[in-house]
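Novice: Sharing data19.pdb (PDB, C-alpha atoms) below.
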MODEL        1
ATOM      1  CA  MET A   1      10.929 -40.119 -11.104  1.00  0.00           C
ATOM      2  CA  PRO A   2      10.434 -43.131 -13.392  1.00  0.00           C
ATOM      3  CA  TYR A   3      13.465 -45.392 -13.763  1.00  0.00           C
ATOM      4  CA  ILE A   4      13.888 -47.763 -16.697  1.00  0.00           C
ATOM      5  CA  ASN A   5      16.689 -50.325 -16.766  1.00  0.00           C
ATOM      6  CA  ILE A   6      17.415 -51.959 -20.128  1.00  0.00           C
ATOM      7  CA  LYS A   7      19.748 -54.952 -20.152  1.00  0.00           C
ATOM      8  CA  ILE A   8      21.242 -56.034 -23.463  1.00  0.00           C
ATOM      9  CA  THR A   9      24.200 -58.139 -24.522  1.00  0.00           C
ATOM     10  CA  ASP A  10      27.348 -56.224 -25.382  1.00  0.00           C
ATOM     11  CA  GLU A  11      27.381 -57.211 -29.037  1.00  0.00           C
ATOM     12  CA  GLN A  12      27.917 -54.408 -31.510  1.00  0.00           C
ATOM     13  CA  VAL A  13      25.279 -52.014 -30.155  1.00  0.00           C
ATOM     14  CA  THR A  14      26.012 -48.593 -31.564  1.00  0.00           C
ATOM     15  CA  LYS A  15      25.813 -45.263 -29.795  1.00  0.00           C
ATOM     16  CA  GLU A  16      22.963 -44.339 -32.128  1.00  0.00           C
ATOM     17  CA  GLN A  17      21.009 -47.504 -31.279  1.00  0.00           C
ATOM     18  CA  LYS A  18      21.413 -46.791 -27.553  1.00  0.00           C
ATOM     19  CA  ALA A  19      20.145 -43.252 -28.096  1.00  0.00           C
ATOM     20  CA  GLN A  20      17.100 -44.670 -29.905  1.00  0.00           C
ATOM     21  CA  LEU A  21      16.429 -47.069 -27.018  1.00  0.00           C
ATOM     22  CA  ILE A  22      16.635 -44.227 -24.496  1.00  0.00           C
ATOM     23  CA  ALA A  23      14.369 -41.948 -26.537  1.00  0.00           C
ATOM     24  CA  GLY A  24      11.880 -44.728 -27.295  1.00  0.00           C
ATOM     25  CA  ALA A  25      11.635 -45.994 -23.714  1.00  0.00           C
ATOM     26  CA  THR A  26      11.179 -42.444 -22.446  1.00  0.00           C
ATOM     27  CA  GLN A  27       8.464 -41.743 -25.012  1.00  0.00           C
ATOM     28  CA  LEU A  28       6.688 -44.984 -24.076  1.00  0.00           C
ATOM     29  CA  LEU A  29       6.329 -43.813 -20.473  1.00  0.00           C
ATOM     30  CA  VAL A  30       5.116 -40.429 -21.687  1.00  0.00           C
ATOM     31  CA  ASP A  31       2.523 -42.002 -24.005  1.00  0.00           C
ATOM     32  CA  VAL A  32       1.266 -44.784 -21.736  1.00  0.00           C
ATOM     33  CA  LEU A  33       1.623 -43.352 -18.230  1.00  0.00           C
ATOM     34  CA  GLY A  34       1.754 -39.609 -18.889  1.00  0.00           C
ATOM     35  CA  LYS A  35       5.188 -39.321 -17.241  1.00  0.00           C
ATOM     36  CA  ASN A  36       7.383 -36.251 -17.560  1.00  0.00           C
ATOM     37  CA  PRO A  37      10.293 -37.020 -19.901  1.00  0.00           C
ATOM     38  CA  LYS A  38      12.507 -34.553 -18.025  1.00  0.00           C
ATOM     39  CA  THR A  39      12.362 -36.724 -14.910  1.00  0.00           C
ATOM     40  CA  THR A  40      12.472 -40.127 -16.616  1.00  0.00           C
ATOM     41  CA  VAL A  41      15.763 -41.952 -16.119  1.00  0.00           C
ATOM     42  CA  VAL A  42      16.891 -44.669 -18.547  1.00  0.00           C
ATOM     43  CA  VAL A  43      19.953 -46.816 -17.850  1.00  0.00           C
ATOM     44  CA  ILE A  44      21.345 -49.331 -20.326  1.00  0.00           C
ATOM     45  CA  ASP A  45      23.431 -52.170 -18.908  1.00  0.00           C
ATOM     46  CA  GLU A  46      25.495 -54.061 -21.444  1.00  0.00           C
ATOM     47  CA  VAL A  47      26.140 -57.609 -20.286  1.00  0.00           C
ATOM     48  CA  ASN A  48      28.896 -59.785 -21.697  1.00  0.00           C
ATOM     49  CA  THR A  49      27.415 -62.903 -23.303  1.00  0.00           C
ATOM     50  CA  ASP A  50      29.572 -65.046 -20.981  1.00  0.00           C
ATOM     51  CA  ASN A  51      27.491 -63.593 -18.134  1.00  0.00           C
ATOM     52  CA  TRP A  52      24.076 -64.200 -19.702  1.00  0.00           C
ATOM     53  CA  GLY A  53      22.303 -67.537 -19.776  1.00  0.00           C
ATOM     54  CA  ILE A  54      19.167 -68.829 -21.472  1.00  0.00           C
ATOM     55  CA  GLY A  55      17.700 -72.253 -20.856  1.00  0.00           C
ATOM     56  CA  GLY A  56      20.641 -73.245 -18.681  1.00  0.00           C
ATOM     57  CA  GLU A  57      23.237 -72.412 -21.327  1.00  0.00           C
ATOM     58  CA  VAL A  58      25.670 -69.529 -21.707  1.00  0.00           C
ATOM     59  CA  VAL A  59      24.674 -67.196 -24.544  1.00  0.00           C
ATOM     60  CA  THR A  60      28.228 -67.144 -25.957  1.00  0.00           C
ATOM     61  CA  GLU A  61      28.036 -70.890 -26.518  1.00  0.00           C
ATOM     62  CA  LEU A  62      24.476 -70.733 -27.842  1.00  0.00           C
ATOM     63  CA  ARG A  63      25.589 -68.165 -30.421  1.00  0.00           C
ATOM     64  CA  GLN A  64      28.558 -70.320 -31.423  1.00  0.00           C
ATOM     65  CA  LYS A  65      26.269 -73.337 -31.880  1.00  0.00           C
ATOM     66  CA  ALA A  66      23.910 -71.254 -33.998  1.00  0.00           C
ATOM     67  CA  LYS A  67      26.774 -70.112 -36.241  1.00  0.00           C
ATOM     68  CA  SER A  68      28.008 -73.697 -36.622  1.00  0.00           C
ATOM     69  CA  SER A  69      24.592 -74.900 -37.776  1.00  0.00           C
ATOM     70  CA  ASP A  70      24.284 -72.196 -40.481  1.00  0.00           C
TER
ENDMDL
END
Kindly present the structure from the file in C-alpha cells form.

Specialist:
Amino acid sequence: MPYINIKITDEQVTKEQKAQLIAGATQLLVDVLGKNPKTTVVVIDEVNTDNWGIGGEVVTELRQKAKSSD
C-alpha cells in the first residue's frame, strides 16, 4: 500500500486544489511505479506558516517581508 504525504502551508488552499493534488499524486504512482490506485493512500498536512521555516526564518515573516518589498 503506497503512502504519500504532502505537506503544504495552510494558505488559501481550496478543496478543489487538494482533490487535484490527491488525484495527481495517485496517478503519478500509477504511471511511474505501476501501483494500484485503489490501495494508494494520500494524506495532505496543512502546516501553519508560523510552524514552517526556510533558511532559518519563519515563513510568516518571510511572506511579510516579501509583501513589504513589493

Novice: Using the chain letters and numbers from the file, which residues does the PyMOL selection byres ((chain A and resi 18-35) around 10) grab, as JSON, numbers by chain?

Specialist: {"A": [1, 2, 3, 4, 5, 6, 13, 14, 15, 16, 17, 36, 37, 38, 39, 40, 41, 42, 43, 44]}

Novice: Take the selection from the previous step and output its residues with C-alpha atoms, as a tab-separated table (two decimals), keeping the file's coordinate frame.

Specialist:
chain	number	residue	atom	x	y	z
A	1	MET	CA	10.93	-40.12	-11.10
A	2	PRO	CA	10.43	-43.13	-13.39
A	3	TYR	CA	13.46	-45.39	-13.76
A	4	ILE	CA	13.89	-47.76	-16.70
A	5	ASN	CA	16.69	-50.32	-16.77
A	6	ILE	CA	17.42	-51.96	-20.13
A	13	VAL	CA	25.28	-52.01	-30.16
A	14	THR	CA	26.01	-48.59	-31.56
A	15	LYS	CA	25.81	-45.26	-29.80
A	16	GLU	CA	22.96	-44.34	-32.13
A	17	GLN	CA	21.01	-47.50	-31.28
A	36	ASN	CA	7.38	-36.25	-17.56
A	37	PRO	CA	10.29	-37.02	-19.90
A	38	LYS	CA	12.51	-34.55	-18.02
A	39	THR	CA	12.36	-36.72	-14.91
A	40	THR	CA	12.47	-40.13	-16.62
A	41	VAL	CA	15.76	-41.95	-16.12
A	42	VAL	CA	16.89	-44.67	-18.55
A	43	VAL	CA	19.95	-46.82	-17.85
A	44	ILE	CA	21.34	-49.33	-20.33

Novice: Find the residues around stretch 48-58 of chain A up to 6 Å (only C-alpha atoms counted), leave out those fewer than 3 positions away in its own chain, and share them as a count of residues only.

Specialist: 3

Novice: A:Lys7, A:Thr60, A:Gln12, A:Ser69: which is nearest A:Asp45, counting all atoms listed in the file?

Specialist: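 Of the candidates, the smallest distance to A:Asp45 is held by A:Lys7.
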